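Below is the file my_file-v8.cif, which contains mmCIF, C-alpha atoms and all ligand atoms.
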```cif
data_structure
loop_
_atom_site.label_atom_id
_atom_site.label_comp_id
_atom_site.auth_asym_id
_atom_site.auth_seq_id
_atom_site.Cartn_x
_atom_site.Cartn_y
_atom_site.Cartn_z
CA MET F 1 109.09 15.59 172.89
CA VAL F 2 110.58 18.37 175.00
CA THR F 3 114.02 19.65 173.93
CA THR F 4 116.29 20.41 176.88
CA VAL F 5 118.32 23.64 176.81
CA ALA F 6 121.46 24.75 178.66
CA ILE F 7 122.27 28.47 178.70
CA ALA F 8 125.87 29.54 179.17
CA GLY F 9 125.95 33.25 179.95
CA SER F 10 122.34 33.20 181.19
CA THR F 11 122.70 36.56 182.97
CA GLY F 12 123.67 38.43 179.79
CA SER F 13 121.65 39.89 176.93
CA ILE F 14 121.56 36.66 174.88
CA GLY F 15 121.00 34.54 177.99
CA VAL F 16 118.03 36.58 179.21
CA GLN F 17 116.43 36.58 175.75
CA THR F 18 116.90 32.80 175.49
CA LEU F 19 115.06 32.38 178.78
CA GLU F 20 112.21 34.50 177.42
CA VAL F 21 112.06 32.49 174.17
CA VAL F 22 111.93 29.19 176.08
CA ALA F 23 109.29 30.59 178.46
CA ASP F 24 107.10 31.28 175.41
CA THR F 25 107.03 27.57 174.43
CA PRO F 26 107.12 25.50 177.66
CA GLU F 27 105.55 22.53 175.89
CA ASP F 28 108.48 22.29 173.43
CA TYR F 29 111.57 23.49 175.36
CA ARG F 30 112.80 23.31 178.95
CA VAL F 31 115.86 24.99 180.48
CA VAL F 32 117.80 22.39 182.48
CA ALA F 33 121.06 24.26 183.06
CA LEU F 34 122.09 27.87 183.68
CA ALA F 35 125.60 29.31 183.84
CA ALA F 36 126.97 32.77 184.55
CA GLY F 37 130.25 34.51 185.22
CA SER F 38 129.71 36.48 188.42
CA ARG F 39 126.23 38.05 188.63
CA LEU F 40 125.04 35.87 191.51
CA ASP F 41 121.77 37.68 192.32
CA ASP F 42 120.55 37.47 188.73
CA LEU F 43 121.56 33.81 188.46
CA ILE F 44 119.71 32.87 191.65
CA ASP F 45 116.65 34.80 190.56
CA GLN F 46 116.67 32.90 187.24
CA ALA F 47 117.14 29.55 189.01
CA GLU F 48 114.18 30.26 191.30
CA ARG F 49 111.98 30.92 188.29
CA VAL F 50 113.18 28.13 185.99
CA ARG F 51 114.18 25.42 188.49
CA PRO F 52 117.00 23.95 186.37
CA GLU F 53 118.77 20.70 187.25
CA VAL F 54 122.23 22.30 187.20
CA VAL F 55 123.62 25.78 187.84
CA ALA F 56 127.21 26.76 187.08
CA LEU F 57 129.18 29.80 188.19
CA ALA F 58 132.63 30.62 186.84
CA ASP F 59 133.49 32.59 190.00
CA GLU F 60 134.60 29.78 192.38
CA SER F 61 134.93 32.14 195.36
CA ARG F 62 131.13 32.53 195.58
CA ARG F 63 130.22 28.83 195.52
CA ASN F 64 129.24 28.71 199.20
CA GLU F 65 126.99 31.72 198.89
CA LEU F 66 125.40 30.15 195.82
CA SER F 67 124.74 26.85 197.58
CA GLU F 68 123.18 28.63 200.59
CA ARG F 69 120.83 30.68 198.44
CA LEU F 70 119.82 28.29 195.64
CA PRO F 71 116.59 26.30 195.94
CA ALA F 72 117.27 22.76 197.21
CA GLY F 73 117.88 19.96 194.75
CA ILE F 74 119.85 21.95 192.15
CA GLU F 75 123.34 20.63 191.38
CA ILE F 76 126.07 23.28 191.59
CA LEU F 77 129.16 23.47 189.40
CA SER F 78 131.76 26.18 189.92
CA GLY F 79 135.25 27.12 188.86
CA PRO F 80 137.13 27.17 185.56
CA SER F 81 135.67 23.98 184.06
CA ALA F 82 132.10 24.52 185.32
CA LEU F 83 130.74 26.06 182.15
CA ALA F 84 132.23 23.36 179.94
CA ASP F 85 130.73 20.63 182.16
CA LEU F 86 127.35 22.30 181.86
CA ALA F 87 127.57 22.32 178.06
CA THR F 88 127.13 18.56 177.88
CA VAL F 89 123.90 18.10 179.86
CA ALA F 90 121.22 19.33 177.45
CA ASP F 91 120.07 18.62 173.88
CA VAL F 92 121.03 22.20 172.90
CA THR F 93 123.49 24.57 174.54
CA VAL F 94 123.13 28.27 173.84
CA ASN F 95 126.57 29.83 174.20
CA GLY F 96 125.91 33.44 175.22
CA VAL F 97 129.18 33.94 177.09
CA VAL F 98 131.08 37.04 175.96
CA GLY F 99 134.65 36.83 174.68
CA PHE F 100 137.32 34.14 174.66
CA ALA F 101 135.89 32.78 177.95
CA GLY F 102 133.22 31.09 175.81
CA LEU F 103 135.67 28.73 174.11
CA PRO F 104 135.40 25.82 176.62
CA VAL F 105 131.61 25.84 176.19
CA THR F 106 131.86 25.72 172.39
CA LEU F 107 134.34 22.85 172.43
CA ALA F 108 132.67 20.82 175.20
CA CYS F 109 129.26 20.97 173.53
CA LEU F 110 130.59 19.93 170.11
CA HIS F 111 132.82 17.19 171.58
CA ALA F 112 129.74 15.83 173.37
CA GLY F 113 128.05 15.49 169.96
CA LYS F 114 125.30 17.97 170.84
CA ARG F 115 123.79 21.00 169.16
CA LEU F 116 125.55 24.28 169.81
CA ALA F 117 123.48 27.43 169.34
CA LEU F 118 126.41 29.80 169.01
CA ALA F 119 126.20 33.47 169.89
CA ASN F 120 129.77 33.57 171.26
CA LYS F 121 131.51 34.43 168.00
CA GLU F 122 134.89 34.96 169.69
CA SER F 123 135.39 31.22 170.29
CA LEU F 124 134.94 30.43 166.61
CA ILE F 125 137.16 33.31 165.53
CA ALA F 126 140.01 32.59 167.97
CA ALA F 127 140.02 28.82 167.58
CA GLY F 128 138.63 28.29 164.06
CA PRO F 129 140.58 25.12 163.08
CA VAL F 130 140.12 23.57 166.55
CA VAL F 131 136.38 24.23 166.44
CA GLN F 132 136.18 22.86 162.87
CA ARG F 133 137.64 19.57 164.10
CA ALA F 134 135.22 19.46 167.04
CA ARG F 135 132.34 20.03 164.60
CA ARG F 136 133.19 16.70 162.96
CA THR F 137 132.24 14.81 166.17
CA PRO F 138 129.31 12.50 165.34
CA GLY F 139 126.07 14.23 166.33
CA ALA F 140 127.71 17.63 166.77
CA GLU F 141 125.91 20.50 165.11
CA LEU F 142 126.60 24.24 165.11
CA VAL F 143 123.69 26.56 164.37
CA PRO F 144 124.62 30.25 164.49
CA VAL F 145 122.69 32.66 166.70
CA ASP F 146 124.49 35.80 165.52
CA SER F 147 121.69 37.38 163.49
CA GLU F 148 123.76 37.86 160.33
CA HIS F 149 124.93 34.26 160.29
CA ALA F 150 121.49 32.95 161.15
CA ALA F 151 120.33 34.95 158.12
CA LEU F 152 123.04 33.48 155.88
CA HIS F 153 122.24 29.99 157.20
CA GLN F 154 118.63 30.53 156.12
CA CYS F 155 119.51 32.09 152.74
CA LEU F 156 121.87 29.21 151.93
CA ARG F 157 119.03 26.75 152.43
CA ALA F 158 117.63 28.06 149.11
CA ASN F 159 120.46 26.28 147.32
CA THR F 160 121.64 22.72 146.63
CA ASN F 161 124.85 23.37 144.65
CA PRO F 162 127.68 24.99 146.68
CA ALA F 163 129.44 26.05 143.49
CA ARG F 164 126.56 28.43 142.69
CA VAL F 165 127.11 30.64 145.77
CA ALA F 166 128.77 33.79 144.42
CA ARG F 167 128.91 36.23 147.36
CA LEU F 168 127.81 36.67 150.95
CA GLN F 169 126.68 40.14 152.01
CA LEU F 170 126.83 40.85 155.73
CA THR F 171 124.70 43.83 156.67
CA ALA F 172 125.85 46.30 159.32
CA SER F 173 123.76 48.94 161.05
CA GLY F 174 126.81 51.21 161.02
CA GLY F 175 126.51 51.67 164.79
CA PRO F 176 126.08 54.96 166.65
CA PHE F 177 128.90 56.75 164.81
CA ARG F 178 127.86 56.13 161.20
CA GLY F 179 128.63 59.16 159.07
CA ARG F 180 131.12 60.73 161.49
CA SER F 181 134.56 61.78 160.32
CA SER F 182 137.83 60.66 161.97
CA GLN F 183 138.12 64.12 163.59
CA GLU F 184 134.63 63.87 165.07
CA LEU F 185 135.37 60.33 166.28
CA ALA F 186 138.44 61.47 168.24
CA LYS F 187 136.26 62.77 171.05
CA VAL F 188 133.45 60.22 171.45
CA THR F 189 132.50 59.13 174.97
CA ILE F 190 131.75 55.74 176.53
CA GLU F 191 128.06 56.68 176.84
CA GLU F 192 127.89 57.53 173.13
CA ALA F 193 129.60 54.29 172.15
CA LEU F 194 127.12 52.31 174.25
CA ALA F 195 124.07 53.96 172.65
CA HIS F 196 123.42 51.60 169.74
CA PRO F 197 120.71 52.87 167.38
CA THR F 198 118.96 49.55 166.60
CA TRP F 199 120.18 46.75 168.94
CA SER F 200 120.24 46.41 172.74
CA MET F 201 123.24 44.20 173.61
CA GLY F 202 125.98 43.67 176.19
CA PRO F 203 128.69 46.36 176.49
CA LYS F 204 131.52 44.55 174.66
CA ILE F 205 129.59 43.80 171.45
CA THR F 206 128.02 47.27 171.57
CA VAL F 207 131.46 48.89 171.54
CA ASP F 208 132.53 46.42 168.83
CA SER F 209 129.55 47.58 166.78
CA SER F 210 130.60 51.20 167.18
CA THR F 211 134.12 50.49 165.83
CA LEU F 212 132.88 48.05 163.11
CA MET F 213 135.12 45.41 164.72
CA ASN F 214 131.92 43.46 165.33
CA LYS F 215 131.40 43.33 161.57
CA GLY F 216 135.04 42.42 161.04
CA LEU F 217 134.72 39.55 163.53
CA GLU F 218 131.56 38.49 161.72
CA VAL F 219 133.41 38.36 158.40
CA ILE F 220 135.83 35.86 159.95
CA GLU F 221 132.90 34.03 161.55
CA ALA F 222 131.15 33.79 158.15
CA ASN F 223 134.30 32.42 156.55
CA GLU F 224 134.58 29.78 159.31
CA LEU F 225 130.92 28.81 159.08
CA PHE F 226 130.28 28.93 155.37
CA GLY F 227 133.60 29.26 153.56
CA ALA F 228 135.47 26.52 151.73
CA PRO F 229 136.39 23.88 152.58
CA ALA F 230 134.67 23.49 155.93
CA GLY F 231 131.35 25.24 155.46
CA GLU F 232 128.50 22.92 156.24
CA ALA F 233 126.12 25.03 154.20
CA GLY F 234 128.53 24.43 151.37
CA ALA F 235 129.50 27.78 149.91
CA HIS F 236 132.71 27.71 147.86
CA ILE F 237 133.71 31.14 149.04
CA GLY F 238 136.47 32.88 150.98
CA PHE F 239 137.25 36.39 152.23
CA ASP F 240 137.21 37.85 148.70
CA GLN F 241 133.57 36.87 148.33
CA ILE F 242 132.36 38.20 151.70
CA ASP F 243 131.15 41.79 151.56
CA VAL F 244 129.96 44.22 154.21
CA VAL F 245 127.18 46.65 153.40
CA VAL F 246 125.87 49.28 155.80
CA HIS F 247 122.09 49.07 156.16
CA PRO F 248 121.04 51.44 158.96
CA GLN F 249 117.51 50.07 159.50
CA SER F 250 118.76 46.56 160.51
CA ILE F 251 115.82 44.92 158.70
CA ILE F 252 117.84 42.82 156.25
CA HIS F 253 120.07 40.66 158.43
CA SER F 254 122.31 39.43 155.59
CA MET F 255 122.11 38.15 152.01
CA VAL F 256 123.49 35.53 149.66
CA THR F 257 124.01 36.27 145.96
CA TYR F 258 124.00 33.29 143.60
CA ALA F 259 125.74 32.73 140.27
CA ASP F 260 122.56 33.56 138.34
CA GLY F 261 122.41 37.05 139.86
CA SER F 262 119.66 36.29 142.39
CA THR F 263 120.13 37.69 145.87
CA ILE F 264 118.25 35.97 148.72
CA ALA F 265 117.83 38.01 151.89
CA GLN F 266 116.39 37.34 155.34
CA LEU F 267 114.29 40.15 156.81
CA SER F 268 112.67 40.89 160.15
CA ASN F 269 112.53 43.72 162.63
CA PRO F 270 115.68 43.64 164.77
CA THR F 271 115.34 41.10 167.59
CA MET F 272 117.70 38.36 168.74
CA LYS F 273 114.74 36.20 169.74
CA LEU F 274 114.21 35.18 166.12
CA PRO F 275 117.73 33.74 165.58
CA ILE F 276 117.66 32.18 169.07
CA GLY F 277 114.38 30.43 168.21
CA TYR F 278 115.78 29.45 164.81
CA ALA F 279 118.82 27.78 166.40
CA LEU F 280 116.60 25.92 168.89
CA ALA F 281 114.09 24.69 166.30
CA TYR F 282 116.27 24.07 163.20
CA PRO F 283 115.53 22.38 160.80
CA ASP F 284 111.97 23.09 161.91
CA ARG F 285 110.78 26.68 162.36
CA PHE F 286 110.11 28.16 165.77
CA PRO F 287 106.32 28.29 166.30
CA ILE F 288 106.24 31.89 167.56
CA SER F 289 106.83 35.03 165.48
CA TYR F 290 109.44 37.49 166.72
CA GLY F 291 110.19 40.63 164.76
CA GLY F 292 107.66 39.95 162.01
CA ILE F 293 107.29 42.93 159.66
CA ASP F 294 104.05 44.81 159.11
CA TRP F 295 104.50 45.48 155.39
CA SER F 296 101.76 48.10 155.33
CA GLN F 297 103.93 50.14 157.72
CA ALA F 298 107.35 49.20 156.30
CA GLY F 299 109.47 52.19 155.40
CA ARG F 300 112.61 52.35 153.33
CA LEU F 301 115.70 50.18 153.17
CA ASP F 302 118.95 52.11 152.70
CA PHE F 303 122.40 50.79 151.83
CA GLU F 304 125.86 52.35 151.72
CA ALA F 305 129.48 51.27 151.70
CA PRO F 306 131.27 51.22 155.08
CA ASP F 307 133.71 54.08 155.74
CA ARG F 308 136.89 51.99 155.96
CA SER F 309 139.19 54.88 156.82
CA ALA F 310 137.14 56.22 159.77
CA PHE F 311 136.54 52.64 160.98
CA PRO F 312 139.87 50.82 160.41
CA CYS F 313 138.89 47.83 162.59
CA LEU F 314 136.97 46.33 159.67
CA ASP F 315 140.06 45.98 157.51
CA LEU F 316 142.20 44.87 160.48
CA ALA F 317 139.80 41.93 160.79
CA TYR F 318 139.85 41.10 157.06
CA GLU F 319 143.64 41.16 157.20
CA ALA F 320 143.86 38.83 160.22
CA GLY F 321 141.30 36.50 158.66
CA ARG F 322 143.26 36.27 155.42
CA VAL F 323 146.52 35.61 157.32
CA GLY F 324 144.81 32.76 159.18
CA GLY F 325 146.67 30.60 161.72
CA THR F 326 146.40 32.23 165.14
CA ALA F 327 146.12 35.76 163.69
CA PRO F 328 142.33 35.88 164.33
CA ALA F 329 143.00 34.76 167.94
CA TRP F 330 145.48 37.63 168.30
CA LEU F 331 143.04 40.09 166.77
CA SER F 332 140.17 39.03 169.00
CA ALA F 333 142.30 39.04 172.18
CA ALA F 334 143.81 42.46 171.38
CA ASN F 335 140.32 43.77 170.71
CA GLU F 336 139.02 42.43 174.05
CA VAL F 337 141.86 44.17 175.89
CA ALA F 338 141.40 47.43 173.97
CA VAL F 339 137.61 47.49 174.46
CA GLU F 340 137.94 46.74 178.17
CA GLY F 341 140.55 49.52 178.41
CA PHE F 342 138.12 51.91 176.72
CA LEU F 343 135.20 50.87 178.97
CA GLN F 344 137.42 51.37 182.03
CA GLY F 345 138.30 54.86 180.79
CA HIS F 346 142.03 54.08 180.27
CA VAL F 347 142.10 54.82 176.52
CA ARG F 348 140.04 56.78 174.03
CA TRP F 349 137.67 55.12 171.57
CA ALA F 350 140.02 56.12 168.74
CA ASP F 351 142.85 54.22 170.47
CA ILE F 352 141.08 50.86 170.05
CA PRO F 353 142.28 50.22 166.45
CA ILE F 354 145.74 51.55 167.36
CA VAL F 355 146.11 49.06 170.23
CA ILE F 356 144.99 46.26 167.91
CA GLU F 357 147.25 47.29 165.04
CA GLU F 358 150.32 47.62 167.27
CA THR F 359 149.57 44.24 168.85
CA MET F 360 149.14 42.61 165.44
CA ALA F 361 152.56 43.97 164.46
CA LYS F 362 154.00 41.52 167.02
CA TYR F 363 152.07 38.53 165.64
CA ASP F 364 154.36 35.50 165.64
CA GLY F 365 152.80 33.57 162.74
CA GLN F 366 151.94 30.41 164.68
CA ASP F 367 149.40 27.88 163.41
CA ALA F 368 146.19 27.19 165.33
CA GLU F 369 146.75 23.45 165.12
CA ASN F 370 145.52 22.63 168.62
CA LEU F 371 143.98 24.14 171.72
CA ASP F 372 147.35 24.80 173.38
CA ALA F 373 148.44 26.89 170.40
CA VAL F 374 145.23 28.93 170.63
CA LEU F 375 145.57 29.45 174.39
CA THR F 376 149.20 30.53 173.93
CA ALA F 377 148.21 32.93 171.15
CA ASP F 378 145.47 34.44 173.29
CA LEU F 379 147.86 34.97 176.20
CA SER F 380 150.64 36.45 174.03
CA ALA F 381 148.29 38.86 172.30
CA ARG F 382 146.79 39.97 175.61
CA LYS F 383 150.27 40.60 177.01
CA TYR F 384 151.28 42.81 174.06
CA ALA F 385 147.93 44.58 173.96
CA GLU F 386 148.11 45.40 177.66
CA MET F 387 151.64 46.74 177.16
CA VAL F 388 150.51 48.94 174.26
CA LEU F 389 147.51 50.05 176.27
CA SER F 390 149.61 51.02 179.27
CA GLN F 391 151.80 53.22 177.06
CA ARG F 392 148.90 55.29 175.72
N1 LIG F 401 123.57 40.65 172.75
C1 LIG F 401 123.31 40.46 171.48
O1 LIG F 401 122.29 40.91 170.97
C2 LIG F 401 124.26 39.64 170.63
C3 LIG F 401 124.02 39.52 169.25
C4 LIG F 401 124.87 38.73 168.50
C5 LIG F 401 125.94 38.08 169.09
N2 LIG F 401 126.17 38.25 170.42
C6 LIG F 401 127.32 37.58 171.02
O2 LIG F 401 126.86 36.84 172.14
C7 LIG F 401 127.85 36.86 173.17
C8 LIG F 401 127.22 37.42 174.44
O3 LIG F 401 126.87 38.76 174.22
P1 LIG F 401 125.93 39.55 175.24
O4 LIG F 401 125.61 40.83 174.58
O5 LIG F 401 124.82 38.66 175.69
O6 LIG F 401 126.95 39.81 176.44
P2 LIG F 401 126.63 40.24 177.96
O7 LIG F 401 125.28 40.83 178.05
O8 LIG F 401 127.79 41.03 178.41
O9 LIG F 401 126.61 38.84 178.73
C9 LIG F 401 127.75 38.04 178.79
C10 LIG F 401 127.50 36.79 179.60
O10 LIG F 401 128.75 36.08 179.71
C11 LIG F 401 129.00 35.80 181.09
N3 LIG F 401 130.45 35.81 181.30
C12 LIG F 401 131.29 36.85 181.17
N4 LIG F 401 132.56 36.49 181.45
C13 LIG F 401 132.51 35.17 181.79
C14 LIG F 401 133.48 34.22 182.19
N5 LIG F 401 134.77 34.55 182.34
N6 LIG F 401 133.08 32.96 182.43
C15 LIG F 401 131.77 32.63 182.30
N7 LIG F 401 130.80 33.49 181.93
C16 LIG F 401 131.17 34.75 181.68
C17 LIG F 401 128.32 36.92 181.85
O11 LIG F 401 128.12 36.51 183.19
P3 LIG F 401 128.06 37.60 184.41
O12 LIG F 401 127.46 38.83 183.84
O13 LIG F 401 127.22 36.89 185.41
O14 LIG F 401 129.45 37.83 184.86
C18 LIG F 401 127.03 37.06 181.04
O15 LIG F 401 126.12 36.07 181.42
C19 LIG F 401 129.02 37.70 172.63
O16 LIG F 401 129.97 36.86 172.07
C20 LIG F 401 128.37 38.54 171.55
O17 LIG F 401 129.27 38.92 170.54
C21 LIG F 401 125.36 39.00 171.20
#
```

Spell out the structure here as structure tokens.
Ligand SMILES: NC(=O)c1ccc[n+]([C@@H]2O[C@H](COP(=O)([O-])OP(=O)(O)OC[C@H]3O[C@@H](n4cnc5c(N)ncnc54)[C@H](OP(=O)(O)O)[C@@H]3O)[C@@H](O)[C@H]2O)c1
Amino acid sequence: MVTTVAIAGSTGSIGVQTLEVVADTPEDYRVVALAAGSRLDDLIDQAERVRPEVVALADESRRNELSERLPAGIEILSGPSALADLATVADVTVNGVVGFAGLPVTLACLHAGKRLALANKESLIAAGPVVQRARRTPGAELVPVDSEHAALHQCLRANTNPARVARLQLTASGGPFRGRSSQELAKVTIEEALAHPTWSMGPKITVDSSTLMNKGLEVIEANELFGAPAGEAGAHIGFDQIDVVVHPQSIIHSMVTYADGSTIAQLSNPTMKLPIGYALAYPDRFPISYGGIDWSQAGRLDFEAPDRSAFPCLDLAYEAGRVGGTAPAWLSAANEVAVEGFLQGHVRWADIPIVIEETMAKYDGQDAENLDAVLTADLSARKYAEMVLSQR
């Protein structure tokens, strides 16, 4: 039986790689829906190749142009709810939207009782309790695409007793600035921040990797996915049991240590196609090998502790995660504003943690009990972050 796939964020790095993965197994998977933010030419090119049933564009103003240029017979959705509507049409939705804009896709897919292949970590981080409730919808299933969480998901399958999970170790490449001092980091450029040593990704996550905020967001993501009490993989762990270890080769994608001292790791050469295929095929295995290691050529695996003083974003994320409520939503929104400000050339790279810290100082301690609370938190944090940004 063919599994149908919707791709939200099809024009981005995750979206394009998902299309390639599906194209490798046309007998098993078929893309029936594509959605993008604004890159119309790329979206139309994809639609001509894949011939989906539905195409969605967040940018409402270009709907007419889209309908004139799309091949006949494809349904068009546009505007603010378009991506959420698209997330209910397929067996699996891959959420490759970047940032808080991915939240409607996450919620719509889970509420529809479908499988969500989640790359968009920001939705889970900003709206953790709301997403946890949506995950309880009958039929709903969240399989992580983020490589570290896909690795943990696999390592946790080695276990049947949640009480025996002792620690989760998230690996981090360390990004392009590993080993640099705070003084050296004061002068880094946009081009340097975008030159990731092991992964080719969209600009926002690439900058997040350079500040270690990506790893901080992943710590919160791991707690949401696998921590007590909600974790479906059943680990009885919290922030105190989630570690970050720098591993520059990006071969080990994360590890789980059990009570008996065993550590189970997942290894491959760095490629997002493996976790994308894993999330499509789970609980089966994807039939094609991506990133398989040639052990006769394998080199060394190095590990070191992260430099928490040169990269303060990591601890800002731990702190927000431990506070809970809407603090992670504030953190993620402030980070989005700060990173965009850096990419636009308004602030320096070193200002990113300062904008976040000053925004978090205004955090109002609200709970994330429903979607309205999360939307309000996101707006408030953006407002403060933009104010801080404009003063720098
Ligand atoms: N790339 C990776 O290897 C990787 C690895 C792990 C996790 N992730 C996560 O996956 C997500 C996507 O990352 P990426 O690197 O693929 O980003 P990207 O290359 O920048 O692509 C982002 C996608 O989101 C769409 N988009 C942006 N704003 C939107 C909006 N307001 N409404 C609807 N769609 C919107 C973009 O559409 P347009 O370009 O057409 O505007 C594009 O298709 C992020 O959450 C990231 O943290 C990525």

Within 7 Å of ligand LIG 401 (chain F): each chain F residue with its shortest pair, only C-alpha atoms and all ligand atoms, as JSON lines:
```
{"residue": "F:Ala8", "atom": "CA", "partner": "F:LIG401", "partner_atom": "N7", "distance": 6.9}
{"residue": "F:Gly9", "atom": "CA", "partner": "F:LIG401", "partner_atom": "O15", "distance": 3.2}
{"residue": "F:Ser10", "atom": "CA", "partner": "F:LIG401", "partner_atom": "O15", "distance": 4.8}
{"residue": "F:Thr11", "atom": "CA", "partner": "F:LIG401", "partner_atom": "O15", "distance": 3.8}
{"residue": "F:Gly12", "atom": "CA", "partner": "F:LIG401", "partner_atom": "O9", "distance": 3.2}
{"residue": "F:Ser13", "atom": "CA", "partner": "F:LIG401", "partner_atom": "O5", "distance": 3.6}
{"residue": "F:Ile14", "atom": "CA", "partner": "F:LIG401", "partner_atom": "O5", "distance": 3.9}
{"residue": "F:Gly15", "atom": "CA", "partner": "F:LIG401", "partner_atom": "O5", "distance": 6.1}
{"residue": "F:Ala35", "atom": "CA", "partner": "F:LIG401", "partner_atom": "N7", "distance": 6.9}
{"residue": "F:Ala36", "atom": "CA", "partner": "F:LIG401", "partner_atom": "O11", "distance": 4.1}
{"residue": "F:Gly37", "atom": "CA", "partner": "F:LIG401", "partner_atom": "O14", "distance": 3.4}
{"residue": "F:Ser38", "atom": "CA", "partner": "F:LIG401", "partner_atom": "O14", "distance": 3.8}
{"residue": "F:Arg39", "atom": "CA", "partner": "F:LIG401", "partner_atom": "O13", "distance": 3.6}
{"residue": "F:Leu40", "atom": "CA", "partner": "F:LIG401", "partner_atom": "O13", "distance": 6.6}
{"residue": "F:Ala58", "atom": "CA", "partner": "F:LIG401", "partner_atom": "N6", "distance": 5.0}
{"residue": "F:Leu83", "atom": "CA", "partner": "F:LIG401", "partner_atom": "C15", "distance": 6.7}
{"residue": "F:Gly96", "atom": "CA", "partner": "F:LIG401", "partner_atom": "C8", "distance": 4.3}
{"residue": "F:Val97", "atom": "CA", "partner": "F:LIG401", "partner_atom": "O10", "distance": 3.4}
{"residue": "F:Val98", "atom": "CA", "partner": "F:LIG401", "partner_atom": "C19", "distance": 4.0}
{"residue": "F:Gly99", "atom": "CA", "partner": "F:LIG401", "partner_atom": "O16", "distance": 5.4}
{"residue": "F:Ala101", "atom": "CA", "partner": "F:LIG401", "partner_atom": "N5", "distance": 4.9}
{"residue": "F:Gly102", "atom": "CA", "partner": "F:LIG401", "partner_atom": "C15", "distance": 6.8}
{"residue": "F:Ala119", "atom": "CA", "partner": "F:LIG401", "partner_atom": "O2", "distance": 4.1}
{"residue": "F:Asn120", "atom": "CA", "partner": "F:LIG401", "partner_atom": "O16", "distance": 3.4}
{"residue": "F:Lys121", "atom": "CA", "partner": "F:LIG401", "partner_atom": "O16", "distance": 5.0}
{"residue": "F:Glu122", "atom": "CA", "partner": "F:LIG401", "partner_atom": "O16", "distance": 5.8}
{"residue": "F:Val145", "atom": "CA", "partner": "F:LIG401", "partner_atom": "C4", "distance": 6.7}
{"residue": "F:Asp146", "atom": "CA", "partner": "F:LIG401", "partner_atom": "C4", "distance": 4.2}
{"residue": "F:Ser147", "atom": "CA", "partner": "F:LIG401", "partner_atom": "C4", "distance": 6.1}
{"residue": "F:Trp199", "atom": "CA", "partner": "F:LIG401", "partner_atom": "O1", "distance": 6.5}
{"residue": "F:Ser200", "atom": "CA", "partner": "F:LIG401", "partner_atom": "O1", "distance": 6.1}
{"residue": "F:Met201", "atom": "CA", "partner": "F:LIG401", "partner_atom": "N1", "distance": 3.7}
{"residue": "F:Gly202", "atom": "CA", "partner": "F:LIG401", "partner_atom": "O4", "distance": 3.3}
{"residue": "F:Pro203", "atom": "CA", "partner": "F:LIG401", "partner_atom": "O8", "distance": 5.7}
{"residue": "F:Lys204", "atom": "CA", "partner": "F:LIG401", "partner_atom": "O8", "distance": 6.4}
{"residue": "F:Ile205", "atom": "CA", "partner": "F:LIG401", "partner_atom": "O17", "distance": 5.0}
{"residue": "F:Met272", "atom": "CA", "partner": "F:LIG401", "partner_atom": "O1", "distance": 5.7}
```

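Note that CA of Leu116 in chain F and CA of Val22 in chain F are 15.8 Å apart.
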
message = Which residue is closest to Asp240 in chain F? Choose from F:Ala166, F:Leu225, F:Ala281, F:Leu142 and count all atoms listed in the file.
response =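 Closest candidate: F:Ala166.
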
I'd like the contact shell of range 348-359 of chain F - 9 Å cut-off, all atoms listed in the file, skipping same-chain residues fewer than 5 positions apart - returned as a PyMOL selection string. chain F and resi 182+185-190+193+207+211+213+311-313+316+330-335+337-339+341-343+381-389+392

- Task: For each of F:Gln132, F:Thr88, F:Glu191, F:Lys114, take the minimum atom-to-atom distance to Glu369 in chain F, counting only C-alpha atoms, then give the residue where this is smallest.
- Result: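 Once distances to Glu369 in chain F are computed over only C-alpha atoms, the minimum belongs to F:Gln132.
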
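Look at Arg30 in chain F: the protein and nucleic acid residues within 9 Å of it, using only C-alpha atoms and passing over chain neighbours fewer than 4 places away, are Val2, Thr3, Thr4, Val5, Ala6, Val22, Ala23, Thr25, Pro26, Val50 and Pro52 of chain F.
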
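For the atom pair formed by CA of Ser67 in chain F and CA of Ala87 in chain F, the distance is 20.2 Å, given to one decimal.
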
Practice problem: Skip Ala127 in chain F itself and residues of its chain fewer than 2 positions away, then list as a PyMOL selection string all residues within 7 Å of it, counting all atoms listed in the file. | Solution: chain F and resi 123-125+129-131+329+368+374

* Of the candidates F:Val21, F:Ser210, F:Ser390, F:Gly174, which shows the shortest atom-to-atom distance to Ile288 in chain F, using only C-alpha atoms? ->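 Among the listed residues, F:Val21 lies closest to Ile288 in chain F.
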
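Considering the residues F:Ile76, F:Leu371, F:Ile252, F:Leu156 and counting only C-alpha atoms, Glu53 in chain F has its shortest atom-to-atom contact with F:Ile76.
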
message = If I take CA of Leu379 in chain F and CA of Arg133 in chain F, how far is one from the other in Å, to one decimal?
response =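 One can read the CA of Leu379 in chain F to CA of Arg133 in chain F distance as 22.1 Å.
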
Residue among F:Cys155, F:Ala327, F:Ala47, F:Ala320 lying closest to Gly216 in chain F, counting all atoms listed in the file: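 Looking at the shortest contact to Gly216 in chain F, the residue is F:Ala320.
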
Give me the residues near Val165 in chain F as a PyMOL selection string, where near means some atom within 7 Å (using all atoms listed in the file) and where sequence neighbours in that chain fewer than 5 positions away do not count. chain F and resi 235-236+257-259

Query raised in the report: With all atoms listed in the file as the basis for distance, which of F:Asp378, F:Asn64, F:Phe239, F:Thr326 is at the shortest distance from Gln366 in chain F?
Result: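 Smallest distance to Gln366 in chain F is found for F:Thr326.
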
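Using only C-alpha atoms, the protein and nucleic acid residues lying no more than 10 Å from Ser289 in chain F, apart from those fewer than 2 places from it along its own chain, are Ser268, Lys273, Leu274, Gly277, Arg285, Phe286, Pro287, Gly291, Gly292 and Ile293 of chain F.
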